[in-house]
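Chemist: Data: work.txt, compact mmCIF, C-alpha atoms and all ligand atoms.
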```txt
# COMPACT_ATOMS: atom_id res chain seq x y z
CA MET A 5 0.00 0.00 0.00
CA ARG A 6 1.41 3.35 -1.03
CA ILE A 7 1.46 6.32 1.30
CA LEU A 8 2.59 9.84 0.44
CA LEU A 9 4.42 11.45 3.35
CA VAL A 10 4.73 15.25 3.25
CA GLU A 11 7.12 16.29 6.01
CA ASP A 12 10.06 18.70 5.98
CA ASP A 13 11.60 17.50 9.26
CA CYS A 14 14.29 15.02 8.16
CA LEU A 15 14.51 13.15 11.42
CA LEU A 16 10.77 12.71 11.82
CA GLY A 17 10.25 11.94 8.13
CA ASP A 18 12.94 9.30 8.20
CA GLY A 19 11.47 7.78 11.37
CA ILE A 20 7.97 7.56 9.89
CA LYS A 21 9.17 6.19 6.58
CA THR A 22 11.39 3.54 8.16
CA GLY A 23 8.83 2.66 10.81
CA LEU A 24 5.95 2.22 8.39
CA LYS A 25 8.08 0.10 6.10
CA HIS A 26 8.17 -2.49 8.89
CA PHE A 27 4.39 -2.58 8.65
CA SER A 28 4.67 -3.36 4.90
CA TYR A 29 3.73 0.09 3.64
CA ALA A 30 5.51 1.67 0.70
CA VAL A 31 6.13 5.26 1.79
CA ASP A 32 7.04 7.94 -0.73
CA TRP A 33 8.41 11.00 1.00
CA VAL A 34 8.44 14.62 -0.18
CA LYS A 35 9.52 17.64 1.84
CA LYS A 36 7.65 20.37 -0.01
CA GLY A 37 4.01 21.13 -0.65
CA SER A 38 4.59 21.74 -4.34
CA HIS A 39 6.21 18.30 -4.67
CA ALA A 40 3.23 16.75 -2.90
CA LEU A 41 0.80 18.26 -5.39
CA GLN A 42 2.95 17.05 -8.24
CA ALA A 43 3.13 13.50 -6.83
CA LEU A 44 -0.63 13.40 -6.25
CA SER A 45 -1.31 14.44 -9.82
CA THR A 46 0.79 11.65 -11.31
CA ASP A 47 0.76 8.77 -8.81
CA VAL A 48 -1.84 6.74 -6.95
CA PHE A 49 -1.68 6.73 -3.15
CA GLU A 50 -3.96 5.17 -0.58
CA LEU A 51 -3.29 7.83 2.00
CA VAL A 52 -1.46 11.13 2.55
CA ILE A 53 0.30 12.03 5.80
CA LEU A 54 0.60 15.81 5.81
CA ASP A 55 2.68 17.96 8.13
CA LEU A 56 1.08 21.38 8.48
CA GLY A 57 4.31 23.36 8.78
CA LEU A 58 5.97 23.15 5.38
CA PRO A 59 8.73 25.40 4.02
CA ASP A 60 7.09 26.50 0.76
CA MET A 61 3.40 26.35 1.51
CA ASP A 62 1.01 26.36 4.41
CA GLY A 63 -0.24 22.83 5.07
CA ILE A 64 -3.85 23.99 5.40
CA GLU A 65 -3.58 25.72 2.03
CA LEU A 66 -2.16 22.53 0.53
CA MET A 67 -5.02 20.56 2.08
CA SER A 68 -7.56 22.85 0.38
CA GLN A 69 -5.73 22.60 -2.93
CA ILE A 70 -5.80 18.80 -2.75
CA ARG A 71 -9.57 18.77 -2.30
CA LYS A 72 -10.06 21.51 -4.91
CA ALA A 73 -8.22 19.28 -7.36
CA ALA A 74 -10.89 16.65 -6.61
CA ILE A 75 -8.33 14.28 -5.08
CA SER A 76 -10.30 12.33 -2.48
CA THR A 77 -7.40 10.32 -1.02
CA PRO A 78 -7.70 10.21 2.80
CA VAL A 79 -5.40 12.75 4.49
CA LEU A 80 -4.04 12.50 8.02
CA ILE A 81 -2.51 15.75 9.25
CA LEU A 82 0.40 16.07 11.66
CA THR A 83 0.49 19.06 13.90
CA ALA A 84 2.74 20.27 16.72
CA ARG A 85 1.20 20.70 20.13
CA ASP A 86 1.35 24.50 19.98
CA GLN A 87 -0.47 24.48 16.64
CA LEU A 88 -3.39 22.51 17.99
CA GLU A 89 -5.80 25.13 16.66
CA ASP A 90 -4.59 24.27 13.17
CA LYS A 91 -6.06 20.83 13.45
CA LEU A 92 -9.55 22.33 13.22
CA SER A 93 -8.68 24.35 10.14
CA GLY A 94 -7.11 21.21 8.68
CA LEU A 95 -10.19 19.12 9.30
CA ASN A 96 -12.38 21.90 7.92
CA ALA A 97 -10.22 22.00 4.80
CA GLY A 98 -10.96 18.32 4.17
CA ALA A 99 -8.49 16.28 6.25
CA ASP A 100 -9.81 12.98 7.63
CA ASP A 101 -7.85 12.69 10.85
CA TYR A 102 -4.97 14.31 12.72
CA MET A 103 -2.19 13.44 15.11
CA VAL A 104 -0.32 15.68 17.51
CA LYS A 105 3.48 15.42 17.58
CA PRO A 106 5.16 13.60 19.20
CA PHE A 107 3.19 10.42 18.64
CA ASP A 108 3.64 6.70 18.90
CA LEU A 109 4.28 5.03 15.57
CA ARG A 110 1.95 2.16 16.45
CA GLU A 111 -0.87 4.61 16.95
CA LEU A 112 -0.10 6.26 13.63
CA GLU A 113 -0.22 2.85 11.94
CA ALA A 114 -3.52 1.96 13.60
CA ARG A 115 -5.05 5.23 12.41
CA ILE A 116 -3.74 4.74 8.89
CA ARG A 117 -5.37 1.32 8.84
CA ALA A 118 -8.65 2.72 10.12
CA LEU A 119 -8.71 5.47 7.48
CA VAL A 120 -7.90 3.15 4.60
CA ARG A 121 -10.42 0.60 5.84
CA ARG A 122 -13.11 3.27 5.99
CA ASN A 123 -12.19 4.43 2.49
CA HIS A 124 -12.62 0.89 1.15
CA GLY A 125 -15.79 0.31 3.15
CA HIS A 126 -14.40 -2.51 5.32
CA SER A 127 -15.69 -2.60 8.86
CA ASP A 128 -12.71 -4.46 10.28
CA ASP A 129 -9.21 -5.63 9.47
CA LEU A 130 -10.31 -8.94 8.06
CA VAL A 131 -11.29 -9.01 4.40
CA GLU A 132 -12.84 -12.25 3.21
CA LEU A 133 -13.49 -13.19 -0.39
CA GLY A 134 -14.75 -16.72 -0.66
CA GLN A 135 -12.02 -18.91 0.80
CA LEU A 136 -9.39 -16.19 0.65
CA SER A 137 -8.94 -14.00 3.69
CA LEU A 138 -6.63 -11.10 4.26
CA ASN A 139 -5.75 -9.83 7.70
CA LEU A 140 -4.76 -6.22 7.10
CA SER A 141 -3.34 -5.60 10.58
CA ALA A 142 -1.27 -8.78 10.72
CA HIS A 143 -0.39 -8.50 6.99
CA GLN A 144 -1.28 -12.12 6.58
CA ALA A 145 -3.24 -13.95 3.93
CA SER A 146 -4.81 -17.36 4.08
CA TYR A 147 -6.55 -19.49 1.52
CA GLN A 148 -8.66 -22.55 2.26
CA SER A 149 -7.63 -22.16 5.91
CA ARG A 150 -3.92 -22.38 5.05
CA VAL A 151 -1.72 -19.41 5.94
CA LEU A 152 0.12 -18.30 2.82
CA LYS A 153 3.79 -17.53 3.33
CA LEU A 154 4.00 -14.36 1.26
CA SER A 155 6.82 -11.89 0.79
CA ARG A 156 6.08 -8.22 1.48
CA ARG A 157 5.69 -7.52 -2.23
CA GLU A 158 3.47 -10.53 -2.84
CA PHE A 159 1.19 -9.45 0.00
CA GLN A 160 1.06 -5.87 -1.34
CA LEU A 161 0.14 -7.12 -4.77
CA LEU A 162 -2.53 -9.49 -3.46
CA ARG A 163 -3.98 -6.68 -1.40
CA VAL A 164 -4.30 -4.42 -4.45
CA LEU A 165 -5.94 -7.25 -6.41
CA VAL A 166 -8.39 -7.88 -3.55
CA GLU A 167 -9.25 -4.20 -3.25
CA ASN A 168 -9.92 -4.09 -6.98
CA LYS A 169 -11.58 -7.48 -7.26
CA ASN A 170 -13.21 -8.41 -10.57
CA ARG A 171 -11.57 -5.42 -12.22
CA VAL A 172 -8.84 -5.74 -14.82
CA LEU A 173 -5.65 -3.89 -13.90
CA SER A 174 -2.72 -3.43 -16.22
CA ARG A 175 0.76 -4.35 -15.08
CA ALA A 176 1.61 -0.65 -14.85
CA GLN A 177 -1.43 0.03 -12.67
CA LEU A 178 -0.54 -2.84 -10.35
CA GLU A 179 3.03 -1.56 -10.02
CA GLN A 180 1.75 1.96 -9.35
CA MET A 181 -0.69 0.89 -6.68
CA ALA A 182 1.46 -1.67 -4.91
CA TYR A 183 4.96 -0.24 -4.92
CA GLY A 184 6.64 3.03 -4.01
CA TRP A 185 9.39 5.03 -5.71
CA ASP A 186 12.13 3.21 -3.80
CA ASP A 187 10.92 -0.25 -4.64
CA GLU A 188 13.09 -1.14 -7.58
CA ILE A 189 10.82 -2.98 -9.88
CA GLU A 190 12.30 -5.53 -12.21
CA SER A 191 10.49 -5.47 -15.52
CA ASN A 192 8.96 -8.89 -14.92
CA ALA A 193 8.32 -8.46 -11.19
CA VAL A 194 4.54 -8.42 -11.39
CA GLU A 195 4.48 -11.58 -13.53
CA VAL A 196 6.83 -13.32 -11.11
CA HIS A 197 4.82 -12.31 -8.04
CA ILE A 198 1.57 -13.39 -9.67
CA HIS A 199 3.10 -16.71 -10.62
CA ASN A 200 4.16 -17.16 -6.97
CA LEU A 201 0.76 -16.16 -5.63
CA ARG A 202 -0.97 -18.71 -7.86
CA LYS A 203 1.48 -21.38 -6.77
CA LYS A 204 1.16 -20.59 -3.07
CA MET A 205 -2.63 -20.51 -3.25
CA ILE A 206 -2.61 -23.72 -5.30
CA ASN A 207 -5.20 -22.02 -7.46
CA THR A 208 -4.40 -20.96 -11.00
CA GLN A 209 -7.89 -19.65 -11.77
CA ALA A 210 -8.32 -16.95 -9.13
CA ILE A 211 -5.87 -14.46 -10.63
CA LYS A 212 -6.69 -14.38 -14.30
CA THR A 213 -4.42 -13.13 -17.02
CA ILE A 214 -6.39 -11.04 -19.47
CA ARG A 215 -4.21 -11.27 -22.52
CA GLY A 216 -2.86 -7.95 -23.70
CA VAL A 217 -4.64 -6.07 -20.93
CA GLY A 218 -3.56 -7.21 -17.49
CA TYR A 219 -4.72 -9.20 -14.49
CA MET A 220 -7.91 -9.64 -12.53
CA LEU A 221 -8.84 -11.33 -9.28
CA ASP A 222 -11.94 -13.37 -10.07
CA THR A 223 -14.01 -13.79 -6.91
CA GLN A 224 -16.03 -16.62 -8.50
CA ALA A 225 -12.86 -18.73 -8.54
CA LEU A 226 -12.36 -18.23 -4.80
CA LEU A 227 -15.65 -19.81 -3.73
CA CA B 301 7.36 20.96 9.57
```
Would you mind writing the structure in this file as structure tokens?
Ligand code: CA
Modeler:
Amino acid sequence: MRILLVEDDCLLGDGIKTGLKHFSYAVDWVKKGSHALQALSTDVFELVILDLGLPDMDGIELMSQIRKAAISTPVLILTARDQLEDKLSGLNAGADDYMVKPFDLRELEARIRALVRRNHGHSDDLVELGQLSLNLSAHQASYQSRVLKLSRREFQLLRVLVENKNRVLSRAQLEQMAYGWDDEIESNAVEVHIHNLRKKMINTQAIKTIRGVGYMLDTQALL
């Protein structure tokens, strides 16, 4: 799952990026508001973490610009304790949640999960499609009651397929949605991961190859 982090504080930014990576998130980090707008116009993110004190632009102003551009990605704002008033302006400008610095990384992760879950209409961390189930907090997948031993990238890919079930996604779309800028993607990575997912599930029908177009998770084949 890709997250855009907008934070000019190097120490904090690095801490969040490294910390969230342990929870299997792909975090793309920019330090300026203008770079955030650029990234949001070209890439697909599941969530934005936005610091309100940015060097080139006021975070609240950026928040308004994001919503004015009709980008509905959930936004979690970060604010310092003495800027607590800003949280209200941020929420009024269209943010979905906020956290006051300093915060516990585990709490940040739990809130990210809650926001993304709400955005996808899940009521809890367990997503079940036929005999496939995905535990979004434990980052674990099982099929036919067997836990699948998946790599971080395989899990990320499966998650994107599940969230876009019965929809054909091109290889480029899958790469965009599942991996961040730092994830070096081999040209055949998606094919290899899909091959592995089919093998680990012992089901070659669930993830269909639509020739010349892309891939699709077929929920009928999971029953
Ligand atoms: Ca700042």
Chemist: Mind checking which residues fall within 8 Å of Ala182 of chain A, counting only C-alpha atoms, ignoring those fewer than 6 positions away in the same chain, and posting them as a list in words?
Modeler: Met5, Arg6, Ala30, Arg157, Gln160, Leu161 and Val164 of chain A
Chemist: Find the distance between atom CA of Leu8 of chain A and atom CA of Ile70 of chain A and write it in Å to one decimal.
Modeler: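 Calculated distance between atom CA of Leu8 of chain A and atom CA of Ile70 of chain A is 12.7 Å.
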Chemist: Identify, counting only C-alpha atoms and all ligand atoms, the protein, DNA and RNA residues located within 7 Å of ligand CA 301 (chain B), and give them as JSON, numbers by chain.
Modeler: {"A": [11, 12, 13, 55, 56, 57, 58]}
Chemist: In the coordinate frame of the file, compute which residues have an atom within 6 Å of (-6.7, -21.0, -1.5) when using only C-alpha atoms, and state them as a PyMOL selection string.
Modeler: chain A and resi 136+147-148+205
Chemist: For the residues in that selection, give me C-alpha atoms as a compact mmCIF listing (two decimals), keeping the file's coordinate frame.
Modeler:
```
# COMPACT_ATOMS: atom_id res chain seq x y z
CA LEU A 136 -9.39 -16.19 0.65
CA TYR A 147 -6.55 -19.49 1.52
CA GLN A 148 -8.66 -22.55 2.26
CA MET A 205 -2.63 -20.51 -3.25
```
Chemist: Select, from A:Arg85, A:His26, A:Lys169, A:His143, the residue with the minimum atom-to-atom distance to Leu130 of chain A, counting all atoms listed in the file.
Modeler: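 Looking only at the distances to Leu130 of chain A, the closest residue turns out to be A:His143.
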Chemist: Interatomic distance between atom CA of His126 of chain A and atom CA of Glu50 of chain A?
Modeler: 14.2 Å
Chemist: Have a look at A:Lys105, A:His197, A:Lys204, A:Arg115 and name the one nearest to Arg150 of chain A; count only C-alpha atoms.
Modeler: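 The closest residue to Arg150 of chain A is A:Lys204.
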Chemist: Within 8 Å of (-4.4, -5.1, -11.4), only C-alpha atoms: residues as an MDAnalysis selection string?
Modeler: chainID A and resid 164:165 168 171:175 177:178 218:221
Chemist: For atom CA of Ala99 of chain A and atom CA of Leu80 of chain A, determine how far apart the two atoms are, in Å to one decimal place.
Modeler: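 Computing it gives 6.1 Å between the two atoms.
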Chemist: Could you check the closest approach to Leu66 of chain A for each of A:Lys25, A:Val10, A:Leu119, A:Asp100 and tell me which residue wins, using all atoms listed in the file?
Modeler: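 Between A:Lys25, A:Val10, A:Leu119, A:Asp100, the residue approaching Leu66 of chain A most closely is A:Val10.
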Chemist: Which is closer to Leu51 of chain A than all the others in A:Arg117, A:Lys72, A:Arg110, A:Lys35, using only C-alpha atoms?
Modeler: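 Of A:Arg117, A:Lys72, A:Arg110, A:Lys35, the one nearest Leu51 of chain A is A:Arg117, counting only C-alpha atoms.
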Chemist: Which residue gives the smallest distance to Ala97 of chain A among A:Ser76, A:Thr22, A:Gln69, A:Thr83, with all atoms listed in the file counted?
Modeler: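 Of A:Ser76, A:Thr22, A:Gln69, A:Thr83, the one nearest Ala97 of chain A, counting all atoms listed in the file, is A:Gln69.
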Chemist: Would you please work out which residue, of A:Ile64, A:Val34, A:Leu133, A:Met103, is nearest to Ala210 of chain A when using all atoms listed in the file?
Modeler: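 Closest to Ala210 of chain A of all the choices is A:Leu133.
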Chemist: May I have the residues within 12 Å of Gly19 of chain A as a list in words, using all atoms listed in the file and disregarding those fewer than 2 positions away in the same chain?
Modeler: Leu9, Glu11, Asp13, Cys14, Leu15, Leu16, Gly17, Lys21, Thr22, Gly23, Leu24, Lys25, His26, Val31, Trp33, Pro106, Phe107, Asp108, Leu109 and Leu112 of chain A
